[in-house]
>>> print(open('target_15.cif').read())   # mmCIF, C-alpha atoms
data_start
#
loop_
_atom_site.label_atom_id
_atom_site.label_comp_id
_atom_site.auth_asym_id
_atom_site.auth_seq_id
_atom_site.Cartn_x
_atom_site.Cartn_y
_atom_site.Cartn_z
CA MET A 77 0.00 0.00 0.00
CA ASN A 78 1.30 3.45 -0.90
CA THR A 79 1.30 5.42 2.32
CA GLN A 80 2.88 8.62 1.01
CA VAL A 81 0.83 11.58 2.12
CA ASN A 82 0.50 15.03 0.65
CA TRP A 83 0.37 17.65 3.38
CA TYR A 84 -0.67 21.27 3.31
CA ALA A 85 0.88 23.82 5.69
CA GLY A 86 -1.20 24.74 8.71
CA THR A 87 -1.13 24.93 12.49
CA THR A 88 -2.02 21.40 13.63
CA LEU A 89 0.89 19.24 14.77
CA SER A 90 0.91 16.14 12.57
CA ALA A 91 3.00 12.97 12.56
CA VAL A 92 3.04 10.57 9.63
CA SER A 93 4.65 7.16 9.18
CA GLU A 94 4.13 4.20 6.90
CA SER A 95 1.86 2.54 9.46
CA GLY A 96 -0.36 5.50 10.37
CA PHE A 97 -0.67 9.10 11.51
CA VAL A 98 -1.62 11.45 14.33
CA ALA A 99 -2.76 15.07 14.14
CA LEU A 100 -3.39 16.91 17.39
CA GLU A 101 -3.78 20.28 19.05
CA GLY A 102 -1.31 19.36 21.78
CA PRO A 103 2.32 19.70 22.85
CA ASN A 104 5.33 18.93 20.64
CA ASP A 105 6.83 16.32 22.99
CA LEU A 106 3.60 14.30 22.97
CA LEU A 107 3.48 14.33 19.18
CA LEU A 108 7.11 13.20 18.99
CA ASP A 109 6.34 10.31 21.38
CA LEU A 110 3.37 9.31 19.21
CA TRP A 111 5.47 9.53 16.03
CA ARG A 112 8.09 7.23 17.57
CA GLU A 113 5.32 4.77 18.42
CA LEU A 114 4.08 4.93 14.82
CA GLU A 115 7.59 4.30 13.54
CA ASP A 116 7.75 1.22 15.79
CA GLY A 117 4.49 -0.07 14.25
CA ALA A 118 2.14 0.70 17.15
CA ASN A 119 -1.53 -0.18 16.77
CA LEU A 120 -4.30 2.31 17.54
CA GLN A 121 -4.76 0.98 21.07
CA ARG A 122 -1.11 1.73 21.87
CA LEU A 123 -1.36 5.25 20.40
CA LEU A 124 -4.41 5.95 22.55
CA GLN A 125 -2.61 4.60 25.65
CA VAL A 126 0.29 6.99 25.07
CA LEU A 127 -2.05 9.91 24.37
CA ALA A 128 -4.25 9.31 27.43
CA GLY A 129 -1.23 8.53 29.62
CA TYR A 130 0.27 11.93 28.84
CA TYR A 131 -2.84 13.46 30.47
CA ASN A 132 -2.79 11.05 33.45
CA ASN A 133 -5.59 9.05 31.81
CA ASN A 134 -8.01 11.93 32.30
CA VAL A 135 -10.05 11.86 29.07
CA PHE A 136 -11.59 15.23 29.89
CA HIS A 137 -8.21 16.90 29.34
CA LEU A 138 -7.43 15.31 25.97
CA PRO A 139 -6.82 17.78 23.13
CA ASP A 140 -8.53 17.68 19.73
CA PHE A 141 -6.91 14.85 17.79
CA VAL A 142 -7.21 12.21 15.12
CA ALA A 143 -5.09 9.07 15.10
CA GLY A 144 -5.18 6.34 12.51
CA VAL A 145 -3.47 3.09 11.65
CA PHE A 146 -3.47 1.41 8.23
CA SER A 147 -3.90 -2.36 7.99
CA ASP A 148 -4.83 -4.65 5.09
CA GLY A 149 -6.59 -1.96 3.05
CA ALA A 150 -8.41 -0.59 6.09
CA VAL A 151 -7.94 2.39 8.37
CA HIS A 152 -8.70 2.26 12.10
CA LEU A 153 -9.45 5.80 13.34
CA ALA A 154 -9.93 7.55 16.66
CA LEU A 155 -11.07 11.19 16.69
CA ARG A 156 -11.91 13.88 19.18
CA GLY A 157 -12.82 17.50 18.61
CA SER A 158 -12.69 19.62 15.49
CA ILE A 159 -10.28 17.56 13.36
CA THR A 160 -12.20 15.44 10.83
CA ALA A 161 -11.51 12.52 8.52
CA GLU A 162 -13.03 11.94 5.09
CA VAL A 163 -12.65 8.36 3.92
CA THR A 164 -13.32 7.33 0.31
CA GLN A 165 -13.76 3.62 -0.13
CA VAL A 166 -12.90 1.67 -3.28
CA ASN A 167 -16.59 1.50 -4.27
CA GLY A 168 -16.78 5.32 -4.27
CA PHE A 169 -18.67 5.63 -0.98
CA VAL A 170 -17.45 8.68 0.97
CA ARG A 171 -17.82 8.89 4.74
CA THR A 172 -16.95 11.90 6.87
CA VAL A 173 -16.03 11.01 10.44
CA SER A 174 -15.98 13.57 13.23
CA ALA A 175 -16.38 13.70 16.99
CA LEU A 176 -17.14 17.22 18.17
CA ASN A 177 -18.47 16.43 21.66
CA PRO A 178 -17.44 12.95 22.77
CA ILE A 179 -16.75 12.07 26.37
CA ALA A 180 -13.47 10.44 25.30
CA TRP A 181 -13.20 9.90 21.51
CA GLU A 182 -15.01 8.36 18.55
CA GLU A 183 -13.51 5.21 17.07
CA VAL A 184 -14.25 3.55 13.73
CA ARG A 185 -12.64 1.04 11.37
CA LEU A 186 -13.33 1.36 7.64
CA ASP A 187 -12.35 -1.27 5.07
CA ASP A 188 -11.42 -0.98 1.38
CA VAL A 189 -10.00 2.53 1.75
CA ALA A 190 -9.03 4.25 -1.49
CA ALA A 191 -8.38 7.77 -0.17
CA LEU A 192 -8.19 9.55 3.16
CA VAL A 193 -8.26 13.26 3.96
CA ILE A 194 -7.62 14.63 7.43
CA GLN A 195 -8.91 18.20 7.75
CA ALA A 196 -7.35 20.21 10.58
CA HIS A 197 -6.63 23.92 11.07
CA GLY A 198 -4.94 26.47 8.83
CA ALA A 199 -5.17 27.21 5.14
CA GLY A 200 -2.27 25.74 3.21
CA THR A 201 -2.61 25.76 -0.57
CA GLU A 202 0.46 23.87 -1.77
CA ALA A 203 0.65 20.07 -1.51
CA LEU A 204 4.01 18.71 -0.40
CA PRO A 205 4.88 15.00 -0.21
CA LEU A 206 5.82 13.27 3.04
CA ARG A 207 6.50 9.59 3.78
CA SER A 208 7.46 9.84 7.42
CA GLY A 209 7.98 12.79 9.72
CA VAL A 210 6.45 15.54 11.78
CA THR A 211 5.02 18.83 10.51
CA ARG A 212 2.30 21.41 11.09
CA ALA A 213 -0.53 20.78 8.65
CA SER A 214 -3.99 22.03 7.76
CA MET A 215 -4.71 18.92 5.70
CA LEU A 216 -3.23 15.48 5.10
CA HIS A 217 -4.25 13.57 1.97
CA TRP A 218 -3.53 9.94 1.04
CA GLN A 219 -4.47 8.37 -2.30
CA LEU A 220 -4.03 4.70 -1.44
CA ARG A 221 -5.85 2.94 -4.27
CA GLU A 222 -8.01 3.73 -7.27
CA VAL A 223 -11.69 4.40 -6.72
CA ASN A 224 -14.03 2.20 -8.71
CA ARG A 225 -16.80 4.74 -9.36
CA LEU A 226 -18.90 2.32 -11.42
CA VAL A 227 -20.54 0.13 -8.80
CA GLY A 228 -22.70 -1.74 -11.30
CA ALA A 229 -24.24 -1.30 -14.71
CA VAL A 230 -27.68 -2.40 -15.78
CA SER A 231 -29.64 -1.92 -18.97
CA VAL A 232 -33.16 -0.58 -19.25
CA ASP A 233 -34.24 -4.08 -20.25
CA ASP A 234 -32.73 -5.46 -17.02
CA VAL A 235 -34.74 -2.97 -14.98
CA LEU A 236 -37.95 -3.67 -16.91
CA ASP A 237 -37.42 -7.42 -16.56
CA HIS A 238 -37.24 -6.92 -12.81
CA LEU A 239 -40.22 -4.55 -12.52
CA MET A 240 -42.67 -5.88 -15.11
CA PRO A 241 -44.66 -9.16 -15.10
CA ASP A 242 -42.87 -12.20 -16.53
CA ASP A 243 -44.82 -12.06 -19.80
CA TRP A 244 -44.37 -8.35 -20.52
CA ARG A 245 -42.07 -8.99 -23.48
CA ASP A 246 -44.66 -11.16 -25.26
CA ALA A 247 -47.30 -8.43 -25.11
CA ASP A 248 -44.79 -5.75 -26.07
CA ASP A 249 -43.45 -7.57 -29.16
CA ASP A 250 -46.73 -7.26 -31.10
CA VAL A 251 -47.19 -3.57 -30.24
CA THR A 252 -43.58 -2.77 -31.09
CA ASP A 253 -43.67 -4.67 -34.39
CA GLU A 254 -46.88 -2.88 -35.38
CA ALA A 255 -45.41 0.54 -34.51
CA ILE A 256 -42.26 -0.14 -36.52
CA GLU A 257 -44.25 -1.23 -39.59
CA LYS A 258 -46.48 1.90 -39.42
CA SER A 259 -43.42 4.12 -39.06
CA ALA A 260 -41.63 2.46 -41.99
CA ASN A 261 -44.65 2.49 -44.31
CA GLY A 262 -45.64 6.04 -43.52
#
>>> encode(input="target_15.cif", output="structure tokens")
Amino acid sequence: MNTQVNWYAGTTLSAVSESGFVALEGPNDLLLDLWRELEDGANLQRLLQVLAGYYNNNVFHLPDFVAGVFSDGAVHLALRGSITAEVTQVNGFVRTVSALNPIAWEEVRLDDVAALVIQAHGAGTEALPLRSGVTRASMLHWQLREVNRLVGAVSVDDVLDHLMPDDWRDADDDVTDEAIEKSANG
């Protein structure tokens, strides 16, 4: 999976690695600890332990954040506050995930991820690539796989076959043949 991210300058501390990411409105030393965990391949549970532990496990003091870990075409997310995630799945379905007023955080796992956008604070306009590191970003964007926008194709006949009685074609053939003959003969 291609985990290179394009980032846009902003104010939200953001850490990116091949295994996942964290964006938070918190202190630099916490973000560096979380980035090191990501570099070591930490799962989401471990990232949340480090984050909560920094605040003496008092969830009421946690800053706005989003943390995510990639695994087998899926992303496992935890969010709190004003930072949002927009996940596009391979089938073209787009889901925006946010957690403005949780007691602790909102957690979700989404499969078949094609693209991911983390929207934070600031207004950067130039996309810059990043594979692993720490920065201040307004947006992080991953294009992981192609989106298959065509979910399915059906013909009008397929729809009519499903909606009409079984013998609709028999009754229609005579009417259609008659209309074609009239049209051709004037």
>>> atom_distance(input="target_15.cif", atom1="CA of Thr87 in chain A", atom2="CA of Ser158 in chain A")
13.1 Å
>>> resolve_selection(input="target_15.cif", expression="the PyMOL selection byres ((chain A and resi 162) around 12)", output="VMD selection string")
chain A and resid 142 151 153 155 159 to 161 163 to 165 169 to 174 186 189 to 196 215 to 219
>>> resolve_selection(input="target_15.cif", expression="the PyMOL selection byres ((chain A and resi 93) around 8)", output="PyMOL selection string")
chain A and resi 79+91-92+94-97+111+114-115+207-209
>>> residues_around(input="target_15.cif", residues="Gln121 in chain A", least_positions_apart="5", cutoff="10 Å", atoms="all atoms listed in the file", output="list in words")
Val126, Leu127, Val145, His152 and Ala154 of chain A
>>> closest_residue(input="target_15.cif", among="A:Phe136, A:Tyr84, A:Phe146, A:Trp181", to="Thr211 in chain A", atoms="only C-alpha atoms")
A:Tyr84
>>> closest_residue(input="target_15.cif", among="A:Ala99, A:Ser147, A:Tyr130, A:Glu254", to="Gly117 in chain A", atoms="only C-alpha atoms")
A:Ser147
>>> resolve_selection(input="target_15.cif", expression="the PyMOL selection byres ((chain A and resi 179) around 9)", output="VMD selection string")
chain A and resid 135 to 136 156 177 to 178 180 to 182
>>> closest_residue(input="target_15.cif", among="A:Asn261, A:Asn224, A:Asn82, A:Asn132", to="Gly200 in chain A", atoms="all atoms listed in the file")
A:Asn82
>>> closest_residue(input="target_15.cif", among="A:Leu220, A:Ala203, A:Val210, A:Leu120", to="Val184 in chain A", atoms="all atoms listed in the file")
A:Leu120
>>> closest_residue(input="target_15.cif", among="A:Arg185, A:Ala143, A:His197, A:Gly157", to="Ser214 in chain A", atoms="only C-alpha atoms")
A:His197
>>> atom_distance(input="target_15.cif", atom1="CA of Ala199 in chain A", atom2="CA of Glu222 in chain A")
26.7 Å
>>> closest_residue(input="target_15.cif", among="A:Arg221, A:Lys258, A:Gly144, A:Asn133", to="Ala118 in chain A", atoms="all atoms listed in the file")
A:Gly144
>>> atom_distance(input="target_15.cif", atom1="CA of Thr201 in chain A", atom2="CA of Leu89 in chain A")
17.0 Å
